[in-house]
Every structure is written in C-alpha cells, then in structure tokens.
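Shown here: final18.cif, mmCIF, C-alpha atoms.
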data_input
loop_
_atom_site.label_atom_id
_atom_site.label_comp_id
_atom_site.auth_asym_id
_atom_site.auth_seq_id
_atom_site.Cartn_x
_atom_site.Cartn_y
_atom_site.Cartn_z
CA MET A 1 0.00 0.00 0.00
CA ALA A 2 3.06 2.21 0.28
CA GLU A 3 3.15 3.24 -3.38
CA ILE A 4 -0.21 5.02 -3.68
CA SER A 5 0.20 8.78 -3.47
CA PRO A 6 -1.78 10.56 -0.74
CA TRP A 7 -3.44 12.71 -3.41
CA ALA A 8 -4.84 9.64 -5.12
CA ILE A 9 -6.18 8.45 -1.77
CA LEU A 10 -7.73 11.84 -1.12
CA ILE A 11 -9.56 11.86 -4.46
CA ALA A 12 -10.58 8.23 -4.08
CA ALA A 13 -11.93 8.83 -0.58
CA ILE A 14 -14.10 11.67 -1.88
CA PHE A 15 -15.45 10.04 -5.03
CA THR A 16 -14.83 6.37 -5.69
CA SER A 17 -14.92 5.05 -2.11
CA ASN A 18 -17.12 7.67 -0.54
CA ILE A 19 -17.37 6.77 3.13
CA LEU A 20 -21.12 7.28 3.15
CA LEU A 21 -22.20 6.12 -0.29
CA ALA A 22 -19.86 3.14 -0.63
CA ASN A 23 -19.09 2.18 2.96
CA PHE A 24 -22.37 3.21 4.56
CA LEU A 25 -20.77 4.96 7.51
CA GLY A 26 -22.30 7.89 9.36
CA MET A 27 -25.85 7.07 8.32
CA CYS A 28 -27.54 8.01 11.60
CA SER A 29 -26.53 11.65 11.67
CA PHE A 30 -26.84 11.72 7.90
CA LEU A 31 -30.54 10.87 8.10
CA ALA A 32 -31.20 13.09 11.10
CA CYS A 33 -29.41 16.24 9.94
CA SER A 34 -29.96 16.33 6.19
CA LYS A 35 -33.24 18.24 6.24
CA GLN A 36 -31.68 21.72 6.08
CA ILE A 37 -28.78 22.85 3.92
CA ASN A 38 -27.35 25.07 6.68
CA THR A 39 -27.38 22.30 9.26
CA SER A 40 -25.72 19.84 6.94
CA LEU A 41 -23.08 22.41 6.01
CA GLY A 42 -22.19 22.93 9.68
CA LEU A 43 -22.14 19.24 10.45
CA GLY A 44 -20.11 18.54 7.32
CA ALA A 45 -17.48 21.10 8.33
CA ALA A 46 -17.27 19.66 11.83
CA VAL A 47 -16.86 16.13 10.45
CA ILE A 48 -14.06 17.17 8.08
CA PHE A 49 -12.14 18.79 10.93
CA VAL A 50 -12.65 16.07 13.52
CA MET A 51 -12.02 13.22 11.10
CA THR A 52 -8.72 14.62 9.81
CA ALA A 53 -7.47 15.32 13.32
CA THR A 54 -8.58 12.06 14.94
CA VAL A 55 -7.21 9.88 12.14
CA ALA A 56 -3.84 11.57 12.66
CA ILE A 57 -3.95 11.20 16.45
CA ASN A 58 -5.14 7.61 16.25
CA TYR A 59 -2.33 6.82 13.82
CA GLY A 60 0.14 8.08 16.39
CA VAL A 61 -1.51 6.22 19.24
CA TYR A 62 -1.77 2.96 17.30
CA HIS A 63 1.74 2.85 15.89
CA GLY A 64 3.43 4.63 18.77
CA MET A 65 1.76 2.90 21.67
CA LEU A 66 -0.45 -0.08 20.88
CA VAL A 67 1.82 -1.88 18.41
CA PRO A 68 5.06 -1.70 20.47
CA LEU A 69 3.20 -2.81 23.59
CA GLY A 70 1.42 -5.64 21.80
CA LEU A 71 -2.01 -4.27 22.69
CA LYS A 72 -3.51 -4.25 19.21
CA HIS A 73 -6.69 -5.94 20.42
CA LEU A 74 -7.49 -2.89 22.54
CA SER A 75 -7.57 -0.62 19.50
CA PHE A 76 -11.39 -0.24 19.43
CA ILE A 77 -11.69 1.03 22.96
CA VAL A 78 -8.61 3.27 22.69
CA PHE A 79 -9.80 4.82 19.42
CA ILE A 80 -13.24 5.62 20.75
CA ALA A 81 -11.73 7.12 23.90
CA VAL A 82 -9.37 9.28 21.81
CA ILE A 83 -12.26 10.48 19.66
CA ALA A 84 -14.48 11.28 22.64
CA ALA A 85 -11.69 13.10 24.45
CA PHE A 86 -10.69 15.05 21.35
CA VAL A 87 -14.23 16.18 20.64
CA GLN A 88 -14.68 17.27 24.26
CA PHE A 89 -11.41 19.16 24.15
CA VAL A 90 -12.19 20.93 20.89
CA GLU A 91 -15.59 21.91 22.20
CA MET A 92 -14.10 23.53 25.30
CA PHE A 93 -11.37 25.17 23.25
CA ILE A 94 -13.61 26.87 20.70
CA GLU A 95 -16.12 27.83 23.35
CA ARG A 96 -13.35 29.71 25.14
CA PHE A 97 -11.71 31.35 22.13
CA SER A 98 -14.29 31.80 19.41
CA GLN A 99 -17.91 32.31 20.31
CA GLY A 100 -18.92 32.68 16.65
CA LEU A 101 -17.39 29.37 15.68
CA TYR A 102 -18.85 27.78 18.78
CA HIS A 103 -22.36 28.74 17.77
CA ALA A 104 -21.77 27.53 14.22
CA LEU A 105 -20.12 24.20 15.05
CA GLY A 106 -20.63 23.68 18.76
CA ILE A 107 -24.00 21.98 18.66
CA PHE A 108 -22.76 19.43 16.16
CA LEU A 109 -19.65 18.39 18.03
CA PRO A 110 -21.26 16.08 20.62
CA LEU A 111 -23.13 14.33 17.80
CA ILE A 112 -19.85 13.52 16.15
CA THR A 113 -18.54 11.28 18.92
CA VAL A 114 -21.11 8.70 17.99
CA ASN A 115 -20.74 9.21 14.25
CA CYS A 116 -19.48 5.85 13.11
CA ALA A 117 -17.72 7.39 10.11
CA ILE A 118 -15.09 8.82 12.46
CA LEU A 119 -14.31 5.49 14.12
CA GLY A 120 -14.67 3.78 10.74
CA ALA A 121 -12.02 6.01 9.18
CA ALA A 122 -9.56 5.07 11.94
CA LEU A 123 -10.31 1.35 11.46
CA PHE A 124 -9.94 1.55 7.67
CA MET A 125 -6.60 3.29 8.15
CA ILE A 126 -5.38 0.28 10.17
CA ILE A 127 -6.85 -2.36 7.88
CA ARG A 128 -5.43 -0.78 4.74
CA ASN A 129 -2.02 -0.18 6.30
CA TYR A 130 -1.69 3.50 5.42
CA SER A 131 1.41 5.51 6.19
CA PHE A 132 1.01 8.74 8.16
CA ILE A 133 0.74 11.03 5.11
CA GLN A 134 -1.64 8.61 3.42
CA SER A 135 -3.76 8.54 6.57
CA LEU A 136 -3.96 12.32 6.56
CA GLY A 137 -5.07 12.29 2.93
CA PHE A 138 -7.60 9.59 3.68
CA GLY A 139 -9.03 11.30 6.77
CA PHE A 140 -9.41 14.63 5.01
CA GLY A 141 -10.82 13.06 1.85
CA ALA A 142 -13.27 10.87 3.73
CA GLY A 143 -14.51 13.89 5.69
CA LEU A 144 -14.90 15.92 2.49
CA GLY A 145 -16.72 13.05 0.82
CA TRP A 146 -19.12 12.71 3.73
CA ALA A 147 -19.80 16.46 3.74
CA LEU A 148 -20.39 16.42 -0.01
CA ALA A 149 -22.87 13.55 0.24
CA ILE A 150 -24.89 15.11 3.07
CA LEU A 151 -24.99 18.48 1.28
CA LEU A 152 -26.24 16.92 -1.94
CA ILE A 153 -28.94 14.98 -0.12
CA ALA A 154 -29.99 18.05 1.87
CA GLY A 155 -30.49 19.91 -1.40
CA LEU A 156 -32.51 17.06 -2.86
CA ARG A 157 -34.64 16.71 0.29
CA LYS A 158 -35.48 20.39 0.16
CA LYS A 159 -36.66 20.07 -3.43
CA MET A 160 -38.54 16.91 -2.53
CA GLY A 161 -40.76 18.90 -0.18
CA TYR A 162 -42.76 19.91 -3.25
CA SER A 163 -43.24 16.44 -4.69
CA ASP A 164 -46.10 14.07 -4.16
CA ILE A 165 -44.61 10.98 -2.51
CA PRO A 166 -46.72 7.85 -1.80
CA LYS A 167 -47.64 7.75 1.88
CA SER A 168 -45.65 4.66 2.89
CA PHE A 169 -42.53 5.99 1.20
CA GLN A 170 -42.53 9.32 2.98
CA GLY A 171 -39.69 10.11 5.37
CA VAL A 172 -36.67 7.88 5.63
CA SER A 173 -37.79 5.38 3.03
CA ILE A 174 -37.59 7.78 0.09
CA VAL A 175 -34.34 9.24 1.41
CA MET A 176 -32.80 5.76 1.34
CA ILE A 177 -33.93 5.25 -2.21
CA ILE A 178 -32.56 8.56 -3.49
CA THR A 179 -29.34 7.88 -1.60
CA GLY A 180 -29.18 4.60 -3.51
CA ILE A 181 -29.60 6.43 -6.80
CA MET A 182 -26.90 8.88 -5.79
CA ALA A 183 -24.60 6.00 -4.86
CA MET A 184 -25.21 4.69 -8.36
CA ALA A 185 -24.24 8.06 -9.81
CA PHE A 186 -21.05 8.07 -7.73
CA MET A 187 -20.20 4.65 -9.14
CA GLY A 188 -19.65 6.48 -12.39
CA PHE A 189 -16.40 7.76 -10.88
CA ALA A 190 -15.11 4.21 -10.44
CA GLY A 191 -12.05 3.51 -12.52
CA MET A 192 -10.63 6.99 -11.90
CA VAL A 193 -8.55 5.84 -8.94
CA ARG A 194 -8.91 2.78 -6.80
CA ILE A 195 -8.10 2.14 -3.18
CA GLN A 196 -8.81 -0.84 -0.97
CA MET B 197 -46.28 5.13 13.79
CA SER B 198 -46.43 8.64 15.12
CA ASP B 199 -46.27 7.67 18.77
CA ALA B 200 -43.70 4.91 18.33
CA PRO B 201 -40.37 6.55 19.20
CA VAL B 202 -41.59 7.84 22.58
CA ALA B 203 -39.97 5.65 25.19
CA CYS B 204 -42.53 3.20 26.49
CA GLY B 205 -45.45 5.14 25.04
CA ALA B 206 -46.74 1.99 23.42
CA CYS B 207 -47.28 -0.01 26.61
CA GLU B 208 -48.79 2.81 28.63
CA PRO B 209 -52.49 1.92 28.11
CA GLY B 210 -52.11 -1.63 29.40
CA GLY B 211 -49.92 -0.51 32.27
CA LEU B 212 -47.56 -3.38 31.51
CA CYS B 213 -44.34 -1.48 31.99
CA GLY B 214 -43.83 -2.74 35.52
CA GLY B 215 -41.79 -5.77 34.52
CA LYS B 216 -43.72 -8.01 32.15
CA GLY B 217 -41.23 -9.67 29.86
CA LEU B 218 -43.53 -10.19 26.90
CA SER B 219 -44.52 -6.60 26.34
CA THR B 220 -40.90 -5.49 26.65
CA PHE B 221 -40.02 -8.12 24.09
CA LYS B 222 -42.68 -7.14 21.59
CA GLU B 223 -41.85 -3.48 22.04
CA GLY B 224 -38.20 -4.02 21.17
CA ALA B 225 -38.57 -6.54 18.40
CA TRP B 226 -41.56 -5.15 16.51
CA THR B 227 -43.49 -2.06 17.65
CA ASN B 228 -40.33 -0.08 18.22
CA ASN B 229 -38.02 -1.96 15.88
CA PRO B 230 -34.58 -0.34 16.09
CA ILE B 231 -33.99 -0.14 12.36
CA ASN B 232 -37.42 0.43 10.88
CA VAL B 233 -38.92 2.73 13.47
CA GLN B 234 -36.08 4.34 15.35
CA MET B 235 -33.70 4.48 12.37
CA LEU B 236 -30.77 3.34 14.46
CA GLY B 237 -27.86 1.17 13.44
CA ILE B 238 -28.40 1.60 9.75
CA CYS B 239 -24.73 1.73 8.83
CA SER B 240 -24.01 -1.90 9.50
CA ALA B 241 -27.45 -2.93 8.29
CA LEU B 242 -26.36 -1.80 4.85
CA ALA B 243 -22.73 -2.73 4.84
CA VAL B 244 -22.78 -6.40 5.79
CA THR B 245 -25.95 -7.58 4.09
CA GLY B 246 -24.50 -8.53 0.72
CA LYS B 247 -24.88 -12.17 1.73
CA LEU B 248 -27.29 -13.82 4.15
CA GLU B 249 -24.50 -15.56 6.04
CA ASN B 250 -22.77 -12.27 6.85
CA SER B 251 -26.06 -10.76 7.96
CA LEU B 252 -26.70 -13.66 10.33
CA VAL B 253 -23.25 -13.44 11.91
CA MET B 254 -23.65 -9.70 12.36
CA GLY B 255 -27.09 -10.25 13.88
CA VAL B 256 -25.66 -12.75 16.37
CA ALA B 257 -22.88 -10.30 17.22
CA LEU B 258 -25.35 -7.54 17.97
CA ILE B 259 -27.61 -9.78 20.06
CA PHE B 260 -24.59 -10.93 22.07
CA VAL B 261 -23.30 -7.40 22.67
CA CYS B 262 -26.75 -6.01 23.42
CA VAL B 263 -27.70 -8.70 25.94
CA CYS B 264 -24.35 -8.76 27.75
CA SER B 265 -23.86 -5.01 27.91
CA ASN B 266 -27.45 -4.40 29.01
CA LEU B 267 -27.01 -6.99 31.78
CA PHE B 268 -23.76 -5.53 33.08
CA ILE B 269 -24.80 -1.90 32.79
CA SER B 270 -27.99 -2.73 34.64
CA LEU B 271 -26.06 -4.53 37.39
CA LEU B 272 -23.73 -1.57 37.73
CA ARG B 273 -26.37 1.12 37.31
CA LYS B 274 -26.26 2.22 40.94
CA ALA B 275 -22.47 2.23 41.04
CA ILE B 276 -21.95 4.38 37.92
CA PRO B 277 -21.87 8.11 38.72
CA ARG B 278 -24.34 10.02 36.59
CA LYS B 279 -21.77 12.41 35.15
CA ILE B 280 -19.50 9.81 33.60
CA ARG B 281 -22.18 7.32 32.64
CA MET B 282 -21.61 7.76 28.89
CA ILE B 283 -17.97 6.80 28.99
CA ALA B 284 -18.73 3.95 31.40
CA GLU B 285 -21.36 2.60 29.03
CA VAL B 286 -19.01 2.89 26.05
CA ALA B 287 -16.29 1.06 27.97
CA ILE B 288 -18.62 -1.83 28.85
CA ILE B 289 -19.95 -2.08 25.30
CA ALA B 290 -16.45 -1.93 23.81
CA THR B 291 -15.35 -4.76 26.08
CA PHE B 292 -17.98 -7.09 24.69
CA VAL B 293 -17.34 -6.00 21.12
CA ILE B 294 -13.64 -6.76 21.55
CA LEU B 295 -14.57 -10.13 23.06
CA PHE B 296 -16.75 -11.02 20.08
CA ASP B 297 -14.18 -9.77 17.60
CA GLN B 298 -11.47 -11.93 19.17
CA LEU B 299 -13.77 -14.98 19.15
CA LEU B 300 -14.56 -14.39 15.49
CA ARG B 301 -10.86 -14.05 14.65
CA ALA B 302 -10.03 -17.24 16.51
CA PHE B 303 -12.77 -19.53 15.22
CA TYR B 304 -14.13 -18.00 12.02
CA TRP B 305 -11.32 -16.08 10.36
CA PRO B 306 -12.77 -15.86 6.79
CA MET B 307 -15.90 -14.21 8.16
CA SER B 308 -13.86 -11.88 10.33
CA ARG B 309 -12.01 -10.75 7.21
CA GLN B 310 -15.21 -10.20 5.26
CA LEU B 311 -16.88 -8.17 7.97
CA GLY B 312 -13.74 -6.05 8.27
CA PRO B 313 -14.20 -2.95 10.41
CA TYR B 314 -17.94 -3.41 10.84
CA VAL B 315 -17.61 -5.64 13.91
CA GLY B 316 -15.64 -2.90 15.64
CA LEU B 317 -18.23 -0.40 14.56
CA ILE B 318 -20.84 -2.10 16.77
CA ILE B 319 -19.41 0.16 19.49
CA THR B 320 -20.83 3.21 17.77
CA ASN B 321 -23.99 1.38 16.77
CA CYS B 322 -26.63 3.60 18.27
CA ILE B 323 -28.89 0.64 19.12
CA VAL B 324 -26.60 -0.70 21.82
CA MET B 325 -25.85 2.73 23.23
CA GLY B 326 -29.49 3.75 23.03
CA ARG B 327 -30.71 0.68 24.92
CA ALA B 328 -28.02 1.11 27.56
CA GLU B 329 -28.95 4.71 28.10
CA ALA B 330 -32.73 4.43 27.82
CA PHE B 331 -33.36 1.07 29.45
CA ALA B 332 -30.51 -0.61 31.29
CA MET B 333 -29.58 2.46 33.33
CA GLN B 334 -33.05 2.49 34.88
CA LYS B 335 -34.30 -1.09 35.06
CA PRO B 336 -33.29 -4.28 36.91
CA PRO B 337 -30.94 -6.78 35.22
CA ILE B 338 -33.27 -9.53 33.98
CA ILE B 339 -35.73 -7.26 32.21
CA SER B 340 -32.79 -5.36 30.71
CA MET B 341 -31.50 -8.61 29.26
CA VAL B 342 -34.91 -9.27 27.70
CA ASP B 343 -34.87 -5.79 26.25
CA GLY B 344 -31.37 -6.31 24.85
CA LEU B 345 -32.42 -9.64 23.34
CA ALA B 346 -35.54 -8.16 21.77
CA ASN B 347 -33.75 -5.21 20.23
CA GLY B 348 -30.93 -7.40 19.01
CA LEU B 349 -33.46 -9.79 17.45
CA GLY B 350 -35.41 -6.97 15.84
CA TYR B 351 -32.17 -5.81 14.30
CA ALA B 352 -31.11 -9.31 13.23
CA VAL B 353 -34.45 -10.02 11.52
CA ILE B 354 -34.27 -6.90 9.37
CA LEU B 355 -30.64 -7.65 8.55
CA ALA B 356 -31.58 -11.17 7.49
CA ALA B 357 -34.44 -9.83 5.35
CA ILE B 358 -32.12 -7.43 3.50
CA GLY B 359 -29.52 -10.20 3.24
CA ILE B 360 -32.01 -12.61 1.64
CA VAL B 361 -33.16 -10.10 -0.97
CA ARG B 362 -29.67 -8.97 -1.86
CA GLU B 363 -28.14 -12.43 -2.04
CA LEU B 364 -31.06 -13.83 -4.01
CA LEU B 365 -31.06 -11.08 -6.61
CA GLY B 366 -27.33 -10.44 -6.60
CA PHE B 367 -25.90 -13.96 -6.58
CA GLY B 368 -29.01 -16.02 -7.36
CA SER B 369 -28.43 -18.02 -4.19
CA ILE B 370 -29.38 -18.23 -0.53
CA LEU B 371 -26.68 -19.16 2.00
CA GLY B 372 -24.46 -20.10 -0.92
CA ILE B 373 -26.97 -22.60 -2.38
CA THR B 374 -28.02 -21.68 -5.90
CA VAL B 375 -31.75 -21.02 -6.09
CA LEU B 376 -32.14 -19.07 -9.30
CA SER B 377 -30.44 -21.05 -12.03
CA GLU B 378 -27.92 -19.22 -14.21
CA ASN B 379 -29.63 -20.63 -17.28
CA TRP B 380 -32.51 -18.20 -17.07
CA TYR B 381 -31.57 -15.70 -14.39
CA THR B 382 -28.99 -12.99 -15.00
CA LYS B 383 -27.31 -12.01 -11.76
CA ASN B 384 -28.00 -8.42 -10.86
CA GLN B 385 -24.63 -7.08 -9.74
CA LEU B 386 -26.23 -3.84 -8.62
CA MET B 387 -27.80 -5.60 -5.65
CA VAL B 388 -24.39 -6.63 -4.35
CA LEU B 389 -23.02 -3.11 -4.64
CA ALA B 390 -23.83 -0.15 -2.43
CA PRO B 391 -26.87 1.27 -4.31
CA GLY B 392 -28.73 -2.04 -4.00
CA ALA B 393 -28.40 -1.92 -0.23
CA PHE B 394 -29.88 1.56 0.03
CA ILE B 395 -32.77 0.80 -2.30
CA VAL B 396 -33.69 -2.54 -0.69
CA LEU B 397 -33.73 -0.99 2.79
CA GLY B 398 -35.82 1.90 1.46
CA PHE B 399 -38.42 -0.53 0.17
CA ILE B 400 -38.38 -2.63 3.35
CA ILE B 401 -39.07 0.47 5.46
CA ALA B 402 -41.87 1.47 3.10
CA LEU B 403 -43.39 -2.01 3.42
CA PHE B 404 -43.16 -1.82 7.21
CA ASN B 405 -44.85 1.60 7.14
CA ALA B 406 -47.61 0.30 4.91
CA MET B 407 -48.22 -2.72 7.17
CA ASN B 408 -48.37 -0.56 10.27
CA ALA B 409 -50.67 1.95 8.59
CA LYS B 410 -53.06 -0.88 7.72
CA LYS B 411 -52.91 -2.26 11.25
CA ASP B 412 -53.59 1.17 12.72
CA ALA B 413 -56.58 1.57 10.43
CA ASN B 414 -57.95 -1.82 11.54
CA ASP B 415 -57.39 -1.02 15.21
CA ALA B 416 -59.11 2.31 14.87
CA LYS B 417 -62.27 0.95 13.22
CA PRO B 418 -63.95 -0.91 16.11
CA ALA B 419 -63.24 1.94 18.50
CA GLY B 420 -64.83 4.37 16.06
CA GLY B 421 -61.66 6.42 15.65
CA HIS B 422 -60.04 8.66 18.22
#
Kindly return the structure encoded in the file as structure tokens.
Amino acid sequence: MAEISPWAILIAAIFTSNILLANFLGMCSFLACSKQINTSLGLGAAVIFVMTATVAINYGVYHGMLVPLGLKHLSFIVFIAVIAAFVQFVEMFIERFSQGLYHALGIFLPLITVNCAILGAALFMIIRNYSFIQSLGFGFGAGLGWALAILLIAGLRKKMGYSDIPKSFQGVSIVMIITGIMAMAFMGFAGMVRIQ
Amino acid sequence: MSDAPVACGACEPGGLCGGKGLSTFKEGAWTNNPINVQMLGICSALAVTGKLENSLVMGVALIFVCVCSNLFISLLRKAIPRKIRMIAEVAIIATFVILFDQLLRAFYWPMSRQLGPYVGLIITNCIVMGRAEAFAMQKPPIISMVDGLANGLGYAVILAAIGIVRELLGFGSILGITVLSENWYTKNQLMVLAPGAFIVLGFIIALFNAMNAKKDANDAKPAGGH
C-alpha cells in the first residue's frame, strides 16, 4: 500500500470510495441532519475537521503505543476514547476562544462522537495499512466526501418537499432510495482511482 | 407510527411497563423496531448484508453485545456516577465488542475478514448505546437482558431480510446454495453493490410503514376512531 500517493487516496476517498455512499458509515446523523442545507453544512465542516485530526492522532496512538506494547486488540476502545476526548477538548477550546465558531459548530460536536464514520475512518486506516501522510489524505478526503454527500442529499430533500410521494414511502424510506440512486451516480467515478 | 419513538409510550395503556417480559419483548422486536422505526444502526445494516451468512453473523454479534452489555450496565447502574455514565457505558460495550471480535478471529477467520471494520463499529452502533442509556440504566438486570435480546433480534431479523433479498437477486443463491439457475436468471450485480443496499432498505421500510398503517386503520375501526 506504500506506493499510492496521498493525493490519489484523497480523491478516491471523496469520489470512488465515498465513506457514506460506498461504505455506509455515518448514516444516523446523515438521516437526522440532512433536512436543512445550513445544518448539513455545519455538520459537514465539523466532520471534516474532527475526522482529519482524529485519524492523525489515532495513527500516532496505534503505531506509537499499541503496536510496540502488543495491545492491538485494545484498539477499538482506545480509538473511541481518543475520539471522545478530542471532541470534548475541541468543544471547550472553541467555546473559550471563538464564540462565533462555537455557535456555528458547537452543537454538532457532541453528535460527532457517535458518528461511526469517524471510528470507521480510523479502522480503515489500520486495515489498509496506510502511512502517516496517506492517513492524513484519507481522513481529510473521507470527511470531504461525507460532507459532499450530506450536502447533496440536503439539497434534494429540500426540493422533494414539493413532490407528491406515496404515503408509505414518505420520510426515511424515500431518502434511502434517493441515496441509492446517488450511490449509483457516484459509481460512475469508479475507474478513476482505486483504493482498498 | 407517530407515537412509536416515545420511550414506552406503546405499553402505557395496558400498564404493563412494571416488569412483564412479553410486552418489553414485543416493544423491542416489533413495535419499536430499532432499524425500521427508530432508524438506528443503519450503517451496518447496509454494509454487511450482501450475503445472508454475513447478515446472520452480524445479527448474532449484535444480540450478544446487546444482551451482555445491558445486563452488566444494569447490574452496575447504581455504582456508575451520573456524570460519567456515557464513557462507562461505552467502555462496557467496547469490552464485549472486543470479546466477540477476538472470538470471530479465533474460530471463524474468513468471516472476520469479510466483515472487516464493521464488527468494531458495533461500538458506535446507536442501538446498543441507546438501549443502555434508555433502558438498562433504569431497570433491573433480567428485564434489561430481555430488552437487549428483543432489540438485538429486531435488528437481526431486518438484517436477514435485507440479506435474503440482496443475495437472491445479486448472486441467485441463498446461504451459498443456488436457487435461481444461471440458465434463465442474470445475476443483478447492482444488488451486491452499495446502491442495491440503500434501495432494498428503502423498500423494506416502506413495506413496514404500509403494514403498520393498515394495522392502525384496523385497530381504529372498532373503536370508532379517536
């Protein structure tokens, strides 16, 4: 895996292996927060930031601490603790130093701890054996890809408010189906670059 | 449908909330099904359901984690300080997930490889966390175990349903046994890939909605509406 350039991984993580549309991660907050474009923009930004940072920290923790000590099997619990602690820390930090940013991002931060895309990105990084720079590219790209997907769906859901949907399909059901169609559209990017 | 997500709203009229196992069971497995009604745990519901076998293993994993973590959180509920309950719950859940992951690695390595990161992701599966927070922190151990079992089963059944549809249409087989012969059935690769998962789940939720709407209509008739 050492030969793939981090740029290729970044592009692939956004388009060909979109963490939401191809790996199904982060669905819960995706369904809950994609009703408004503004909300999804804020959440998307928060995910990009937290994902890039936690993938980097978790890389350090995994290769610097867990591997030398032979504690690889504890990686799940350590990763989730790192993510929770980081999110808490960032929340306190921006609340102290930037009230504007806190009001824009603050409410989304607690939601992110339980966003499985964040933990998923760390686990993919381990499984695919990325180097540090590759991990950075992957974390940033995966965050961007997630933000892109939620923004697109938020736009579509807004438009969908005017359409006449059969009663049983209203709500989550139709959102799943349009997400499926969007995943199909994203498959058109396949062949550009390939990771995995 | 409309009153479903309210915690325990469904069993209020009968006053069965006191500790009757059956109503707790039905609540978790059907009326308040974690995937269809509460929209929790969808990530893994989509990712691992390409084949029925994978769906079943994942279902067993979730039942195991849900039952064990609910039991232990319920036993410890008086000892856990309120302020740090989240992290305590996560730690207990993660312990059981690690346990299951190690078992899978030891005895069923091919499956462990196929499921990849999704076993680890049970930690962030909102079903387990949600049950711990909403049920096990307040109720005695045995009923919490029933609740964990019911929610795990409700999840496993939906997973199996998606798995059957996707494997049947995508590979023409069920549990690896060919059902639709290649002579007249062209395998639909789309079902195996990501879009198939989204679309199948969308239709299953719609079906569930339609069934519940019909049931509500039938229930409302004899009473002459509300």
Compile a residue-level contact table for chain A against chain B at a cut-off of 7 Å, reporting for every qualifying residue the shortest atom pair and its distance in Å to one decimal, with only C-alpha atoms counted, rows ordered by chain and ascending number, as a Markdown table.
| residue | atom | partner | partner_atom | distance |
| --- | --- | --- | --- | --- |
| A:Leu21 | CA | B:Ala390 | CA | 6.8 |
| A:Ala22 | CA | B:Ala390 | CA | 5.5 |
| A:Asn23 | CA | B:Ala243 | CA | 6.4 |
| A:Phe24 | CA | B:Cys239 | CA | 5.1 |
| A:Leu25 | CA | B:Cys239 | CA | 5.3 |
| A:Gly26 | CA | B:Cys239 | CA | 6.6 |
| A:Met27 | CA | B:Cys239 | CA | 5.5 |
| A:Cys28 | CA | B:Leu236 | CA | 6.4 |
| A:Phe76 | CA | B:Gly316 | CA | 6.3 |
| A:Ile77 | CA | B:Ala290 | CA | 5.7 |
| A:Val114 | CA | B:Thr320 | CA | 5.5 |
| A:Asn115 | CA | B:Thr320 | CA | 7.0 |
| A:Cys116 | CA | B:Thr320 | CA | 5.5 |
| A:Gly120 | CA | B:Leu317 | CA | 6.7 |
| A:Leu123 | CA | B:Pro313 | CA | 5.9 |
| A:Phe124 | CA | B:Pro313 | CA | 6.8 |
| A:Ser168 | CA | B:Ala402 | CA | 5.0 |
| A:Phe169 | CA | B:Ala402 | CA | 4.9 |
| A:Ser173 | CA | B:Gly398 | CA | 4.3 |
| A:Ile174 | CA | B:Gly398 | CA | 6.3 |
| A:Met176 | CA | B:Gly398 | CA | 4.9 |
| A:Ile177 | CA | B:Ile395 | CA | 4.6 |
| A:Thr179 | CA | B:Phe394 | CA | 6.5 |
| A:Gly180 | CA | B:Pro391 | CA | 4.1 |
| A:Ile181 | CA | B:Pro391 | CA | 6.3 |
| A:Ala183 | CA | B:Pro391 | CA | 5.3 |
| A:Met184 | CA | B:Pro391 | CA | 5.6 |
Separation of CA of Ala12 (chain A) from CA of Ala149 (chain A) in Å: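 Going from CA of Ala149 (chain A) over to CA of Ala12 (chain A), I get 14.1 Å.
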message: Under the rule that all atoms listed in the file are counted, which of A:Tyr62, A:Gly137, A:Leu156, A:Met125 is the nearest residue to Ile14 (chain A)?
response: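 Looking only at the distances to Ile14 (chain A), the closest residue turns out to be A:Gly137.
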task: Determine the residue membership of the PyMOL selection byres ((chain B and resi 329) around 12) for the file above and supply it as a PyMOL selection string.
output: chain B and resi 203+262+265-266+269-270+273+278+281-286+289+322-328+330-335+340+344
Using all atoms of region 75-79 of chain A that appear in the file, construct an axis-aligned enclosing box with 6 Å of padding on every side and provide its centre coordinates and edge lengths in Å, rounded to one decimal, as AutoDock Vina command-line options.
--center_x -9.6 --center_y 2.1 --center_z 21.2 --size_x 16.1 --size_y 17.4 --size_z 15.5
Residue among B:Leu258, B:Leu300, B:Gly348, B:Val388 lying closest to Leu365 (chain B), counting all atoms listed in the file: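 Comparing B:Leu258, B:Leu300, B:Gly348, B:Val388 against Leu365 (chain B), the winner is B:Val388.
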message: Between CA of Ala53 (chain A) and CA of Gly191 (chain A), what is the distance in Å, rounded to a tenth?
response: 28.8 Å
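Across the structure, CA of Gly139 (chain A) and CA of Ile83 (chain A) are spaced 13.3 Å apart.
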- prompt: Applied to the shown file, which residues does the PyMOL selection byres ((chain A and resi 98-104) around 12) return, written as JSON, numbers by chain?
  reply: {"A": [38, 39, 40, 41, 42, 43, 44, 45, 46, 90, 91, 92, 93, 94, 95, 96, 97, 105, 106, 107, 108, 109]}
- request: Identify which of the residues A:Ile80, A:Ala85, A:Ile150, A:Ile37 lies closest to Leu119 (chain A), counting only C-alpha atoms when measuring atom-to-atom distances.
  value: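 Once distances to Leu119 (chain A) are computed over only C-alpha atoms, the minimum belongs to A:Ile80.
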message: I want to know what sits within 8 Å of Thr54 (chain A), based on all atoms listed in the file, with residues of the same chain fewer than 5 positions away left out; could you give that as a count of residues only?
response: 5
message: Could you list, as a list of chain:residue names, every residue within 12 Å of Val253 (chain B), counting only C-alpha atoms and ignoring same-chain residues fewer than 5 positions away?
response: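 Non-adjacent residues within range: B:Ser240, B:Ala241, B:Val244, B:Thr245, B:Lys247, B:Leu248, B:Leu258, B:Ile259, B:Phe260, B:Phe296, B:Asp297, B:Leu300, B:Tyr304, B:Pro306, B:Met307, B:Ser308, B:Gln310, B:Leu311, B:Tyr314, B:Val315, B:Tyr351, B:Ala352, B:Val353, B:Leu355, B:Ala356, B:Gly359, B:Leu371.
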